[in-house]
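Engineer: Before I ask anything, let me first share the structure, which is written out below as structure tokens.
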Amino acid sequence: MLRKEINDLLTQTDTGTPMGDMFRQYWIPALLAKELPEDDCPPVRVKLLGERLIAFRDSKGRYGLIDEFCAHRGASLWFGRNEEGGLRCPYHGWKFDYTGQCIEVPSEPEESGFCEKIKLRGYPLIKIGDVLWTHMGDKENRPPEPEWEFAKVPPEQTYTSKRWQECNWLQAMEGGIDSSHVSFLHSGSLASDPLFKGAKGNQYNQNDKKPVFEVVESDGGLYIGARRMAENDQYYWRITPWVMPSFTMVPPRGDHPVHGHFWIPIDDVNCWAWSFDYHPTRALTKEERQAMMDGYGVHNQYVPGTFRPRQNKDNDYLMDREAQKRGESYSGIWGIAMQDASLQESMGPIVDRTKENLVSTDNGIIMARHRLRKAAVALRDKGVMPPGRDTAHQQVRSAAKVLPQDQPFKEAMKEDLTVRPGVKQTSV
Amino acid sequence: MDLRELFFDPNHPTLLGSCARAATAEEARFRVQYPNSRTRASRIFALDPAAAEAMYKITEAPWNGAHFLTLATQEAIDPEKTNASDLPLSHPDGSPARLDDEIDGADVVVLLATDGNAEGAAEVIARECFHRNIMCAGLALGGSAPQAKVDRVVNSMRRFARVLVVANDDDYIPAMLTALRA
Ligand code: FES
Ligand SMILES: [Fe+2]
């Protein structure tokens, strides 16, 4: 249960809200780099944190993320002509550069300098890895550029996708740290999904359906450990890191690529589920990359030409009761990503947490909300910068390992849970 | 995998409330319009003086019948020789409490600890929970203390708790108990 005021505080991210201000303290993923493939390519509409923006790449290769609407009379710049170092509104020809500065008002005498008085709101857009990142807060408090491992490894080692999810960001993110659903919802997929199957750790999952959880705070967020019995009275640990505000990683299986997510608010009732897969030390194989593009693992299939999943609420997520009966899919929904999304969307646009009945095994979620609330309030009341901006906080990895019973994972797995360039992930 | 395309069929219109599209804001008001749980019986045990102090800060708040108990001794408890009825416990007002009375019929037990000295008591409580199939959770406070100290607290509860949380600050106690409807 969460009181209504706190639920509102955590779920609302428009300009001027405490959580909205907090999201504006980070570099967040805004677009896939391939959405702006070349100079002067078509601009792309982007809505983030309740702001309607337009992204474009100008003739000199500079990326811009500016207000979608022309300062003259409010036409959408999506109709704009991206040419000669700026985006020109096709209505009356006003032109804006990649920072949002107006650089031409054709109706006014050029010498008047009138255009200097016109400026659209603009945010930086930088390419790191396969992602274009933006920082929507004050320039004075701009954090160092992000250094997440999935975005820093060579391109052949990494793959990123995004999908539109039709619900509030927080209930989507909570799915990423909710380790207790895996033994149920995704149980069919462990054995069949090409990006999961065959790992030794899967047997521990199958043999011990009642994991024990340990939730430990880290500098940037949390580690959520799930342990199951392994041979010789040892524990099989799976550790999920969460870094504020909304980065999560899935513990690895065998030598499969490691995956994780970002959950980014579009507005209060929609979010982007970003999903990445990478291997710290080797190129993804052709088969792996193909499987990701085909929607396996944490990825999904699309309505062609969109980022809307092919399985969506308009077609009941292509529910297949027969596959459920045959034991192929626990929920009858195909694919891990849509198994999660279908249920999270079914909770409603913003789940009413005053009505939920949490149990002790939900402590990862309880603690994440607690940390978010404290950070948002500290920022609002005292201007304290939230955790997760520091690039050191971003040097985390998920890990899976068998340990003797008396070893606390945070200490015993310290190195495994930290990015080590050139060293592969710790996995079973 | 063979997926049937189930696109909307204009000849068989579907009522909004009977398909996945009912997940809209307008439909949200038709959700859970009644209390869907009964009061839980929660028992919170502070296993050492610092844990008790952290707990006392919040016992006055209006809880849903949670009982707050402290270990009334700082002597080491030998779990082999201690029956449920022998574990010295007290209520916030100092009056004695009996473990079996307290946890009979409990739904959730939470152990609070700030040092690793109460492993024996934790075992006695957890053992009784185990026999009665009661969920036992451990909350180690002071996660920002030196690692060796935290390890001792965690190890003292690890074998018994199905969920273990290491929290940096005491304000996690009310956050967690509220979430659990204690
Ligand atoms: S069992 Fe968790 S939401 Fe239904
Ligand atoms: Fe999931």
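Starting from 1 in every chain, residues are counted up; chains themselves are A, B, ... following the order of the structure tokens, and ligands are numbered from 1 as listed.
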Return as CSV the residues of chain B lying at most 7 Å from chain A, together with the closest atom-to-atom pair for each and the distance in Å to one decimal, counting only C-alpha atoms, with rows in chain order and ascending residue number.
Structural biologist:
residue,atom,partner,partner_atom,distance
B:Arg4,CA,A:Leu318,CA,6.7
B:Glu5,CA,A:Leu318,CA,6.6
B:Leu6,CA,A:Asn315,CA,5.4
B:Phe7,CA,A:Asn315,CA,5.5
B:Phe8,CA,A:Asn315,CA,6.8
B:Cys19,CA,A:Asp316,CA,6.7
B:Ala20,CA,A:Lys313,CA,5.0
B:Arg21,CA,A:Lys313,CA,5.4
B:Ala23,CA,A:Gly348,CA,4.6
B:Thr24,CA,A:Pro349,CA,5.9
B:Ala25,CA,A:Pro349,CA,5.9
B:Ala28,CA,A:Gly348,CA,6.3
B:Ala137,CA,A:Ser360,CA,6.5
B:Asp151,CA,A:Pro408,CA,6.5
B:Asn155,CA,A:Asp406,CA,6.6
B:Arg162,CA,A:Val212,CA,4.9
B:Val163,CA,A:Phe213,CA,4.7
B:Leu164,CA,A:Glu214,CA,4.6
B:Val165,CA,A:Val215,CA,4.6
B:Val166,CA,A:Val216,CA,4.8
B:Ala167,CA,A:Glu217,CA,6.3
B:Asn168,CA,A:Glu217,CA,7.0
B:Ala175,CA,A:His370,CA,6.8
B:Met176,CA,A:Ile366,CA,6.4
B:Thr178,CA,A:Met1,CA,6.5
B:Ala179,CA,A:Met1,CA,4.4
B:Leu180,CA,A:Leu358,CA,5.5
B:Arg181,CA,A:Met1,CA,6.5
Engineer: For the structure I just gave you, how does DSSP split chain B - specifically, which residues are helix (DSSP H, G or I)? Reply as a PyMOL selection string.
Structural biologist: chain B and resi 16-18+20-22+25-28+49-56+79-81+84-86+99-103+119-131+147-158+172-179
Engineer: Kindly compile the residues surrounding ligand 2 within 7 Å, counting only C-alpha atoms and all ligand atoms, and format them as a ChimeraX atom specification.
Structural biologist: /A:175-176,181-182,186,336-337,339-340
Engineer: Could the residues in this selection be written to a file with N, CA, C and O atoms, as a CSV table (one decimal), in the first residue's frame?
Structural biologist:
chain,number,residue,atom,x,y,z
A,175,GLY,N,8.3,-3.7,-12.5
A,175,GLY,CA,8.4,-5.0,-13.1
A,175,GLY,C,9.8,-5.5,-13.2
A,175,GLY,O,10.2,-6.6,-13.1
A,176,GLY,N,10.7,-4.5,-13.5
A,176,GLY,CA,12.1,-4.8,-13.7
A,176,GLY,C,12.9,-5.2,-12.4
A,176,GLY,O,13.9,-5.8,-12.5
A,181,HIS,N,8.3,-12.5,-9.8
A,181,HIS,CA,7.4,-12.9,-10.8
A,181,HIS,C,8.0,-13.9,-11.8
A,181,HIS,O,7.3,-14.5,-12.6
A,182,VAL,N,9.4,-13.9,-11.8
A,182,VAL,CA,10.1,-14.7,-12.9
A,182,VAL,C,9.7,-16.2,-12.9
A,182,VAL,O,9.5,-16.8,-13.9
A,186,HIS,N,7.4,-15.9,-16.4
A,186,HIS,CA,8.3,-16.2,-17.5
A,186,HIS,C,8.7,-17.7,-17.5
A,186,HIS,O,9.7,-18.0,-18.2
A,336,ILE,N,8.8,-12.6,-23.6
A,336,ILE,CA,9.0,-12.1,-22.2
A,336,ILE,C,8.6,-10.6,-22.1
A,336,ILE,O,7.9,-10.3,-21.1
A,337,ALA,N,9.0,-9.8,-23.0
A,337,ALA,CA,8.7,-8.4,-22.9
A,337,ALA,C,7.2,-8.2,-22.9
A,337,ALA,O,6.7,-7.4,-22.0
A,339,GLN,N,4.9,-10.4,-22.1
A,339,GLN,CA,4.3,-11.0,-20.9
A,339,GLN,C,4.2,-9.9,-19.8
A,339,GLN,O,3.3,-9.8,-19.1
A,340,ASP,N,5.4,-9.2,-19.6
A,340,ASP,CA,5.4,-8.1,-18.7
A,340,ASP,C,4.4,-7.0,-19.0
A,340,ASP,O,3.6,-6.6,-18.2
Engineer: Need to verify the contact set: Lys401 (chain A), 7 Å, only C-alpha atoms, exclusion of same-chain residues closer than 2 positions in sequence. Can you return it as a list in words?
Structural biologist: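 Once the adjacent positions are removed, what remains is Tyr236, Trp237, Arg238, Ala399, Leu403, Thr426, Ser427 and Val428 of chain A.
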Engineer: What does the file look like for those residues with N, CA and C atoms, as a PDB file, in the first residue's frame?
Structural biologist:
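selection-v7.pdb written:
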ATOM      1  N   TYR A 236      22.557 -20.380  -4.802  1.00  0.00           N
ATOM      2  CA  TYR A 236      22.658 -19.837  -6.155  1.00  0.00           C
ATOM      3  C   TYR A 236      22.032 -18.449  -6.121  1.00  0.00           C
ATOM      4  N   TRP A 237      22.873 -17.445  -6.342  1.00  0.00           N
ATOM      5  CA  TRP A 237      22.411 -16.060  -6.234  1.00  0.00           C
ATOM      6  C   TRP A 237      22.184 -15.442  -7.601  1.00  0.00           C
ATOM      7  N   ARG A 238      21.111 -14.682  -7.737  1.00  0.00           N
ATOM      8  CA  ARG A 238      20.889 -13.853  -8.926  1.00  0.00           C
ATOM      9  C   ARG A 238      20.681 -12.416  -8.450  1.00  0.00           C
ATOM     10  N   ALA A 399      24.629 -10.060 -11.944  1.00  0.00           N
ATOM     11  CA  ALA A 399      25.507 -11.225 -11.846  1.00  0.00           C
ATOM     12  C   ALA A 399      24.737 -12.411 -11.291  1.00  0.00           C
ATOM     13  N   LEU A 403      27.457 -19.332  -4.124  1.00  0.00           N
ATOM     14  CA  LEU A 403      28.290 -18.914  -2.994  1.00  0.00           C
ATOM     15  C   LEU A 403      28.013 -19.794  -1.776  1.00  0.00           C
ATOM     16  N   THR A 426      29.827 -12.297 -14.675  1.00  0.00           N
ATOM     17  CA  THR A 426      29.815 -13.469 -13.800  1.00  0.00           C
ATOM     18  C   THR A 426      28.451 -14.123 -13.930  1.00  0.00           C
ATOM     19  N   SER A 427      28.462 -15.370 -14.365  1.00  0.00           N
ATOM     20  CA  SER A 427      27.185 -15.989 -14.709  1.00  0.00           C
ATOM     21  C   SER A 427      27.246 -17.495 -14.517  1.00  0.00           C
ATOM     22  N   VAL A 428      26.073 -18.093 -14.307  1.00  0.00           N
ATOM     23  CA  VAL A 428      25.990 -19.551 -14.175  1.00  0.00           C
ATOM     24  C   VAL A 428      25.008 -20.055 -15.209  1.00  0.00           C
TER      25      VAL A 428
END
Engineer: Select, from A:Leu185, A:Ile66, A:Leu284, A:Met292, the residue with the minimum atom-to-atom distance to ligand 1, counting only C-alpha atoms and all ligand atoms.
Structural biologist: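 When distances to ligand 1 are compared using only C-alpha atoms and all ligand atoms, the smallest one comes from A:Leu185.
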Engineer: Can you list, as a PyMOL selection string, every residue of region 139-321 of chain A that DSSP puts in strand (DSSP E)?
Structural biologist: chain A and resi 158-165+212-217+221-229+235-243+247-249+258-267+270-278
Engineer: Those residues with N, CA and C atoms, as a compact mmCIF listing (two decimals), in the first residue's frame please?
Structural biologist:
# COMPACT_ATOMS: atom_id res chain seq x y z
N THR A 158 26.74 -4.98 -28.85
CA THR A 158 25.56 -4.45 -28.17
C THR A 158 24.38 -4.25 -29.12
N TYR A 159 23.18 -4.33 -28.57
CA TYR A 159 21.96 -4.12 -29.35
C TYR A 159 20.91 -3.48 -28.45
N THR A 160 20.25 -2.44 -28.94
CA THR A 160 19.25 -1.75 -28.12
C THR A 160 17.95 -1.60 -28.89
N SER A 161 16.84 -1.80 -28.21
CA SER A 161 15.53 -1.56 -28.82
C SER A 161 14.69 -0.75 -27.85
N LYS A 162 13.60 -0.20 -28.35
CA LYS A 162 12.66 0.46 -27.45
C LYS A 162 11.25 0.14 -27.89
N ARG A 163 10.33 0.16 -26.94
CA ARG A 163 8.93 -0.04 -27.31
C ARG A 163 8.06 0.87 -26.46
N TRP A 164 6.97 1.24 -27.06
CA TRP A 164 5.99 2.09 -26.39
C TRP A 164 5.20 1.22 -25.42
N GLN A 165 5.13 1.64 -24.17
CA GLN A 165 4.29 0.92 -23.21
C GLN A 165 3.21 1.86 -22.70
N VAL A 212 14.63 -16.94 -1.81
CA VAL A 212 14.70 -16.05 -0.66
C VAL A 212 15.33 -14.75 -1.17
N PHE A 213 14.83 -13.62 -0.71
CA PHE A 213 15.27 -12.35 -1.26
C PHE A 213 16.10 -11.56 -0.26
N GLU A 214 17.12 -10.90 -0.78
CA GLU A 214 17.86 -9.94 0.04
C GLU A 214 17.96 -8.64 -0.73
N VAL A 215 17.55 -7.58 -0.08
CA VAL A 215 17.54 -6.26 -0.70
C VAL A 215 18.58 -5.40 0.02
N VAL A 216 19.55 -4.91 -0.71
CA VAL A 216 20.63 -4.15 -0.10
C VAL A 216 20.79 -2.82 -0.83
N GLU A 217 20.89 -1.74 -0.09
CA GLU A 217 21.06 -0.44 -0.73
C GLU A 217 22.47 -0.32 -1.31
N GLY A 221 21.50 3.14 -5.89
CA GLY A 221 20.15 2.58 -5.85
C GLY A 221 20.07 1.34 -4.99
N LEU A 222 19.92 0.19 -5.63
CA LEU A 222 19.73 -1.05 -4.88
C LEU A 222 20.37 -2.23 -5.59
N TYR A 223 20.63 -3.25 -4.80
CA TYR A 223 20.85 -4.58 -5.34
C TYR A 223 19.73 -5.46 -4.81
N ILE A 224 19.07 -6.18 -5.69
CA ILE A 224 18.05 -7.11 -5.24
C ILE A 224 18.57 -8.51 -5.53
N GLY A 225 18.84 -9.24 -4.47
CA GLY A 225 19.40 -10.58 -4.60
C GLY A 225 18.31 -11.61 -4.41
N ALA A 226 18.26 -12.60 -5.28
CA ALA A 226 17.35 -13.73 -5.09
C ALA A 226 18.22 -14.96 -4.98
N ARG A 227 18.04 -15.73 -3.91
CA ARG A 227 18.88 -16.91 -3.78
C ARG A 227 18.03 -18.17 -3.73
N ARG A 228 18.60 -19.22 -4.34
CA ARG A 228 17.96 -20.52 -4.34
C ARG A 228 18.99 -21.54 -3.88
N MET A 229 18.53 -22.70 -3.48
CA MET A 229 19.47 -23.73 -3.04
C MET A 229 20.22 -24.27 -4.25
N TYR A 235 24.33 -21.53 -1.95
CA TYR A 235 23.25 -20.72 -2.50
C TYR A 235 23.56 -20.33 -3.94
N TYR A 236 22.56 -20.38 -4.80
CA TYR A 236 22.66 -19.84 -6.15
C TYR A 236 22.03 -18.45 -6.12
N TRP A 237 22.87 -17.45 -6.34
CA TRP A 237 22.41 -16.06 -6.23
C TRP A 237 22.18 -15.44 -7.60
N ARG A 238 21.11 -14.68 -7.74
CA ARG A 238 20.89 -13.85 -8.93
C ARG A 238 20.68 -12.42 -8.45
N ILE A 239 21.53 -11.53 -8.92
CA ILE A 239 21.48 -10.15 -8.42
C ILE A 239 21.04 -9.18 -9.51
N THR A 240 19.99 -8.44 -9.21
CA THR A 240 19.45 -7.41 -10.09
C THR A 240 19.83 -6.03 -9.56
N PRO A 241 20.64 -5.28 -10.27
CA PRO A 241 20.90 -3.92 -9.80
C PRO A 241 19.82 -2.95 -10.31
N TRP A 242 19.51 -1.97 -9.50
CA TRP A 242 18.65 -0.86 -9.91
C TRP A 242 19.42 0.41 -9.62
N VAL A 243 19.52 1.27 -10.64
CA VAL A 243 20.19 2.56 -10.44
C VAL A 243 19.16 3.65 -10.70
N PHE A 247 17.01 2.59 -14.11
CA PHE A 247 17.85 1.64 -14.85
C PHE A 247 17.82 0.30 -14.12
N THR A 248 17.52 -0.76 -14.82
CA THR A 248 17.54 -2.08 -14.20
C THR A 248 18.27 -3.06 -15.11
N MET A 249 18.86 -4.08 -14.50
CA MET A 249 19.51 -5.13 -15.29
C MET A 249 19.04 -6.48 -14.84
N VAL A 258 23.96 -10.11 -21.74
CA VAL A 258 23.29 -9.60 -20.53
C VAL A 258 22.29 -8.54 -20.96
N HIS A 259 21.13 -8.51 -20.29
CA HIS A 259 20.17 -7.49 -20.71
C HIS A 259 19.68 -6.63 -19.57
N GLY A 260 19.10 -5.53 -19.99
CA GLY A 260 18.59 -4.60 -18.99
C GLY A 260 17.68 -3.58 -19.65
N HIS A 261 17.24 -2.65 -18.84
CA HIS A 261 16.22 -1.70 -19.30
C HIS A 261 16.42 -0.30 -18.73
N PHE A 262 15.85 0.65 -19.45
CA PHE A 262 15.53 1.97 -18.92
C PHE A 262 14.04 2.15 -19.05
N TRP A 263 13.42 2.81 -18.07
CA TRP A 263 11.98 3.07 -18.14
C TRP A 263 11.80 4.58 -18.10
N ILE A 264 11.39 5.15 -19.20
CA ILE A 264 11.40 6.61 -19.34
C ILE A 264 9.98 7.13 -19.59
N PRO A 265 9.52 8.05 -18.72
CA PRO A 265 8.16 8.57 -18.92
C PRO A 265 8.02 9.35 -20.23
N ILE A 266 6.98 9.04 -20.98
CA ILE A 266 6.58 9.87 -22.12
C ILE A 266 5.67 10.96 -21.57
N ASP A 267 4.64 10.52 -20.88
CA ASP A 267 3.81 11.40 -20.06
C ASP A 267 3.36 10.51 -18.90
N ASN A 270 2.03 6.97 -20.30
CA ASN A 270 2.78 6.24 -21.33
C ASN A 270 4.26 6.28 -20.97
N CYS A 271 4.98 5.24 -21.35
CA CYS A 271 6.42 5.30 -21.15
C CYS A 271 7.14 4.54 -22.25
N TRP A 272 8.44 4.82 -22.35
CA TRP A 272 9.30 4.03 -23.23
C TRP A 272 9.95 2.93 -22.39
N ALA A 273 9.80 1.70 -22.85
CA ALA A 273 10.57 0.61 -22.27
C ALA A 273 11.77 0.40 -23.18
N TRP A 274 12.92 0.82 -22.71
CA TRP A 274 14.16 0.61 -23.46
C TRP A 274 14.74 -0.73 -23.05
N SER A 275 15.19 -1.50 -24.01
CA SER A 275 15.76 -2.81 -23.70
C SER A 275 17.09 -2.96 -24.41
N PHE A 276 18.11 -3.32 -23.67
CA PHE A 276 19.41 -3.53 -24.30
C PHE A 276 19.94 -4.91 -23.98
N ASP A 277 20.82 -5.37 -24.85
CA ASP A 277 21.48 -6.66 -24.69
C ASP A 277 22.92 -6.43 -25.10
N TYR A 278 23.86 -6.87 -24.30
CA TYR A 278 25.25 -6.74 -24.72
C TYR A 278 26.08 -7.83 -24.09
Engineer: Please provide as a PyMOL selection string all residues within 12 Å of region 81-83 of chain B, with the sequence filter that same-chain residues fewer than 3 positions apart are discarded (counting only C-alpha atoms).
Structural biologist: chain B and resi 76-78+86-88+98-100+120-125+127-128
Engineer: Please produce a file of those selected residues containing N, CA, C and O atoms, as a PDB file, in the first residue's frame.
Structural biologist:
ATOM      1  N   ALA B  76      23.048 -13.515  25.740  1.00  0.00           N
ATOM      2  CA  ALA B  76      22.922 -14.377  24.569  1.00  0.00           C
ATOM      3  C   ALA B  76      21.881 -15.461  24.847  1.00  0.00           C
ATOM      4  O   ALA B  76      21.814 -16.001  25.952  1.00  0.00           O
ATOM      5  N   ILE B  77      21.065 -15.742  23.849  1.00  0.00           N
ATOM      6  CA  ILE B  77      20.028 -16.766  23.990  1.00  0.00           C
ATOM      7  C   ILE B  77      20.531 -18.039  23.320  1.00  0.00           C
ATOM      8  O   ILE B  77      20.984 -17.997  22.176  1.00  0.00           O
ATOM      9  N   ASP B  78      20.453 -19.132  24.039  1.00  0.00           N
ATOM     10  CA  ASP B  78      20.802 -20.417  23.418  1.00  0.00           C
ATOM     11  C   ASP B  78      19.524 -21.031  22.851  1.00  0.00           C
ATOM     12  O   ASP B  78      18.658 -21.472  23.598  1.00  0.00           O
ATOM     13  N   ASP B  86       9.842 -19.248  26.900  1.00  0.00           N
ATOM     14  CA  ASP B  86      10.918 -18.749  27.766  1.00  0.00           C
ATOM     15  C   ASP B  86      11.618 -17.509  27.224  1.00  0.00           C
ATOM     16  O   ASP B  86      12.449 -16.915  27.911  1.00  0.00           O
ATOM     17  N   LEU B  87      11.325 -17.136  26.006  1.00  0.00           N
ATOM     18  CA  LEU B  87      12.053 -16.004  25.434  1.00  0.00           C
ATOM     19  C   LEU B  87      11.566 -14.710  26.089  1.00  0.00           C
ATOM     20  O   LEU B  87      10.386 -14.390  26.024  1.00  0.00           O
ATOM     21  N   PRO B  88      12.475 -13.994  26.747  1.00  0.00           N
ATOM     22  CA  PRO B  88      12.035 -12.793  27.466  1.00  0.00           C
ATOM     23  C   PRO B  88      11.710 -11.649  26.493  1.00  0.00           C
ATOM     24  O   PRO B  88      12.601 -11.109  25.840  1.00  0.00           O
ATOM     25  N   ARG B  98       4.545 -12.951  25.802  1.00  0.00           N
ATOM     26  CA  ARG B  98       4.923 -14.341  25.523  1.00  0.00           C
ATOM     27  C   ARG B  98       4.954 -14.573  24.021  1.00  0.00           C
ATOM     28  O   ARG B  98       4.003 -14.249  23.310  1.00  0.00           O
ATOM     29  N   LEU B  99       6.044 -15.179  23.561  1.00  0.00           N
ATOM     30  CA  LEU B  99       6.216 -15.368  22.119  1.00  0.00           C
ATOM     31  C   LEU B  99       5.072 -16.164  21.501  1.00  0.00           C
ATOM     32  O   LEU B  99       4.526 -15.785  20.469  1.00  0.00           O
ATOM     33  N   ASP B 100       4.680 -17.278  22.141  1.00  0.00           N
ATOM     34  CA  ASP B 100       3.645 -18.088  21.479  1.00  0.00           C
ATOM     35  C   ASP B 100       2.309 -17.355  21.404  1.00  0.00           C
ATOM     36  O   ASP B 100       1.617 -17.431  20.400  1.00  0.00           O
ATOM     37  N   GLY B 120      20.664 -15.926  18.473  1.00  0.00           N
ATOM     38  CA  GLY B 120      19.923 -16.975  19.181  1.00  0.00           C
ATOM     39  C   GLY B 120      18.446 -16.642  19.281  1.00  0.00           C
ATOM     40  O   GLY B 120      17.582 -17.483  19.000  1.00  0.00           O
ATOM     41  N   ALA B 121      18.132 -15.400  19.655  1.00  0.00           N
ATOM     42  CA  ALA B 121      16.730 -14.993  19.775  1.00  0.00           C
ATOM     43  C   ALA B 121      16.054 -15.036  18.412  1.00  0.00           C
ATOM     44  O   ALA B 121      14.910 -15.487  18.280  1.00  0.00           O
ATOM     45  N   ALA B 122      16.791 -14.570  17.376  1.00  0.00           N
ATOM     46  CA  ALA B 122      16.228 -14.607  16.024  1.00  0.00           C
ATOM     47  C   ALA B 122      15.863 -16.040  15.657  1.00  0.00           C
ATOM     48  O   ALA B 122      14.804 -16.309  15.079  1.00  0.00           O
ATOM     49  N   GLU B 123      16.721 -16.968  16.042  1.00  0.00           N
ATOM     50  CA  GLU B 123      16.453 -18.361  15.702  1.00  0.00           C
ATOM     51  C   GLU B 123      15.210 -18.883  16.407  1.00  0.00           C
ATOM     52  O   GLU B 123      14.397 -19.589  15.814  1.00  0.00           O
ATOM     53  N   VAL B 124      15.063 -18.526  17.685  1.00  0.00           N
ATOM     54  CA  VAL B 124      13.878 -18.989  18.421  1.00  0.00           C
ATOM     55  C   VAL B 124      12.601 -18.457  17.767  1.00  0.00           C
ATOM     56  O   VAL B 124      11.658 -19.205  17.515  1.00  0.00           O
ATOM     57  N   ILE B 125      12.597 -17.177  17.451  1.00  0.00           N
ATOM     58  CA  ILE B 125      11.400 -16.581  16.848  1.00  0.00           C
ATOM     59  C   ILE B 125      11.141 -17.200  15.474  1.00  0.00           C
ATOM     60  O   ILE B 125      10.029 -17.611  15.155  1.00  0.00           O
ATOM     61  N   ARG B 127      12.093 -20.025  14.324  1.00  0.00           N
ATOM     62  CA  ARG B 127      11.706 -21.429  14.449  1.00  0.00           C
ATOM     63  C   ARG B 127      10.203 -21.542  14.685  1.00  0.00           C
ATOM     64  O   ARG B 127       9.510 -22.348  14.057  1.00  0.00           O
ATOM     65  N   GLU B 128       9.705 -20.697  15.580  1.00  0.00           N
ATOM     66  CA  GLU B 128       8.268 -20.732  15.864  1.00  0.00           C
ATOM     67  C   GLU B 128       7.463 -20.315  14.630  1.00  0.00           C
ATOM     68  O   GLU B 128       6.394 -20.853  14.372  1.00  0.00           O
TER      69      GLU B 128
END
Engineer: To one decimal place in Å, what is the distance between CA of Asp97 (chain A) and CA of Lys60 (chain A)?
Structural biologist: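 Those two atoms sit 11.0 Å apart.
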Engineer: Find the residues near Asp67 (chain A): any atom within 9 Å, counting only C-alpha atoms, skip ones fewer than 2 places away on the same chain, and give them as a list in words.
Structural biologist: Glu51, Arg52, Leu53, Ile54, Ala55, Leu65, Phe69, Cys70, Ala71, Leu77, Gly100, Leu120, Arg121, Gly122 and Tyr123 of chain A
